[in-house]
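Presented below is the structure to which this report refers.
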Amino acid sequence: MDQTVMYKLTYGLFVLTAREGEKDNGCIVNTVSQVTVTPNRIVVAVNKNNYTHDMMVRTGVFNVSILSEKSKFDTYKHWGFQSGKDVDKAAGITFSRAENGVIYLAEETNAYLSAKVVSTTDLGTHTLFLADVTDGAVLSQDASVTYAYYQANIKPAPAAKEKKKGFICTVCGYIYEGETLPEDYICPLCKHPASDFVPL
């Protein structure tokens, strides 16, 4: 199967943020959807390897910053290619804080949502959070970035390198060198599984 077929689904990219005690954190996610209007509810799927996931499980509160087509690759690297277990992702960046106490991005976004978890569903590698929308605001009229737009216009093309035996992550571009890719391999940068890798 051509894994890039998944890029054709019309879903966006978001910065998911949480706060626990005095610690702010966040990560990049691509699965946020409204599921009901009354009550106003959304679902978000979060990889269990993300530190933000554990914060959401413990606090039950989060924000979603909806990235726009004006977002820059450095934003995706900052929120998606490093772990909040190792770095303070809120240090040195510009953010605002919503009424629920959780940060959101007011730049490179067109809106944010605040939400409170109603229930969780175990999806194996991910948890699906069902949540009530408690607040939100439109921040700009810029178009929301889709995964297809990100792949075509924001994510840099891989630099030309000498041919190596290995596999490349179709999400973040990480290269695993070797003859075979273990079936249970997880990308160390974006935490996606071996099924998101293709041969070089």
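Residues are named by chain letter and number: chains run A, B, ... in the order of the structure tokens, numbers start at 1 in each chain, and ligands are numbered from 1 in the order shown.
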
I'd like to know which residues of chain A are alpha helix (DSSP H) (by DSSP, run on the backbone); could you write them as a ChimeraX atom specification?
/A:51-59,73-80,147-149

Per residue of range 62-100 of chain A within 9 Å of range 18-40 of chain A, what are the shortest atom pair and its distance in Å to one decimal, counting only C-alpha atoms, with rows by chain and residue number, as JSON lines?
{"residue": "A:Phe62", "atom": "CA", "partner": "A:Ala18", "partner_atom": "CA", "distance": 4.7}
{"residue": "A:Asn63", "atom": "CA", "partner": "A:Ala18", "partner_atom": "CA", "distance": 6.6}
{"residue": "A:Val64", "atom": "CA", "partner": "A:Val32", "partner_atom": "CA", "distance": 8.3}
{"residue": "A:Tyr76", "atom": "CA", "partner": "A:Ile28", "partner_atom": "CA", "distance": 6.8}
{"residue": "A:His78", "atom": "CA", "partner": "A:Cys27", "partner_atom": "CA", "distance": 8.6}
{"residue": "A:Trp79", "atom": "CA", "partner": "A:Cys27", "partner_atom": "CA", "distance": 4.8}
{"residue": "A:Gly80", "atom": "CA", "partner": "A:Ile28", "partner_atom": "CA", "distance": 5.0}
{"residue": "A:Phe81", "atom": "CA", "partner": "A:Cys27", "partner_atom": "CA", "distance": 8.7}
{"residue": "A:Gln82", "atom": "CA", "partner": "A:Cys27", "partner_atom": "CA", "distance": 8.7}
{"residue": "A:Ser83", "atom": "CA", "partner": "A:Cys27", "partner_atom": "CA", "distance": 8.1}
{"residue": "A:Gly84", "atom": "CA", "partner": "A:Asn25", "partner_atom": "CA", "distance": 6.0}
{"residue": "A:Asp88", "atom": "CA", "partner": "A:Asn25", "partner_atom": "CA", "distance": 7.2}
{"residue": "A:Lys89", "atom": "CA", "partner": "A:Asn25", "partner_atom": "CA", "distance": 5.9}
{"residue": "A:Ala90", "atom": "CA", "partner": "A:Asp24", "partner_atom": "CA", "distance": 6.1}

Long-range neighbours of Thr109 in chain A as an NGL selection string, 8 Å cut-off, only C-alpha atoms, 3 positions minimum in chain
:A and (65-68 or 70-71 or 105-106 or 112 or 139-140 or 142 or 144)

Keeping only N, CA and C atoms, take the residues you just selected and write them out as a short mmCIF file (atom, residue, chain, number, x, y, z; two decimals), in the first residue's frame.
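Output (again10.cif):
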data_model
loop_
_atom_site.label_atom_id
_atom_site.label_comp_id
_atom_site.auth_asym_id
_atom_site.auth_seq_id
_atom_site.Cartn_x
_atom_site.Cartn_y
_atom_site.Cartn_z
N SER A 65 -4.65 24.63 19.34
CA SER A 65 -4.35 25.79 18.49
C SER A 65 -4.39 25.32 17.05
N ILE A 66 -5.24 25.92 16.23
CA ILE A 66 -5.44 25.49 14.85
C ILE A 66 -4.44 26.22 13.97
N LEU A 67 -3.45 25.48 13.47
CA LEU A 67 -2.38 26.08 12.67
C LEU A 67 -2.90 26.54 11.32
N SER A 68 -2.34 27.65 10.83
CA SER A 68 -2.76 28.20 9.55
C SER A 68 -1.71 27.92 8.48
N LYS A 70 0.04 29.92 7.13
CA LYS A 70 1.20 30.80 7.35
C LYS A 70 2.17 30.24 8.39
N SER A 71 1.86 29.07 8.94
CA SER A 71 2.74 28.48 9.94
C SER A 71 4.05 28.05 9.30
N LEU A 105 -1.36 29.10 21.05
CA LEU A 105 -0.55 29.93 20.16
C LEU A 105 -1.44 30.96 19.49
N ALA A 106 -1.07 32.21 19.60
CA ALA A 106 -1.84 33.28 18.97
C ALA A 106 -1.22 33.70 17.64
N TYR A 112 -8.35 29.02 18.35
CA TYR A 112 -8.02 28.03 19.39
C TYR A 112 -9.32 27.56 20.04
N LEU A 139 -8.83 33.81 15.66
CA LEU A 139 -7.68 34.70 15.80
C LEU A 139 -7.28 35.36 14.49
N SER A 140 -7.61 34.75 13.36
CA SER A 140 -7.32 35.34 12.05
C SER A 140 -8.21 34.69 11.01
N ASP A 142 -6.88 33.57 8.19
CA ASP A 142 -5.99 32.73 7.38
C ASP A 142 -6.56 31.32 7.29
N SER A 144 -6.87 27.34 7.37
CA SER A 144 -6.28 26.28 8.20
C SER A 144 -5.35 25.43 7.34
#

In Å to one decimal, how far is CA of Ala194 in chain A from CA of Val46 in chain A?
17.1 Å

State, in Å with one decimal place, the distance from CA of Ile186 in chain A to CA of Ser119 in chain A.
26.5 Å

My list of candidates is A:Asn50, A:Asn110, A:Tyr185, A:Lys77. Which is closest to Cys172 in chain A when distances are computed with only C-alpha atoms?
A:Lys77

Figure out the distance between CA of Thr17 in chain A and CA of Gly92 in chain A, please, to one decimal in Å.
15.8 Å
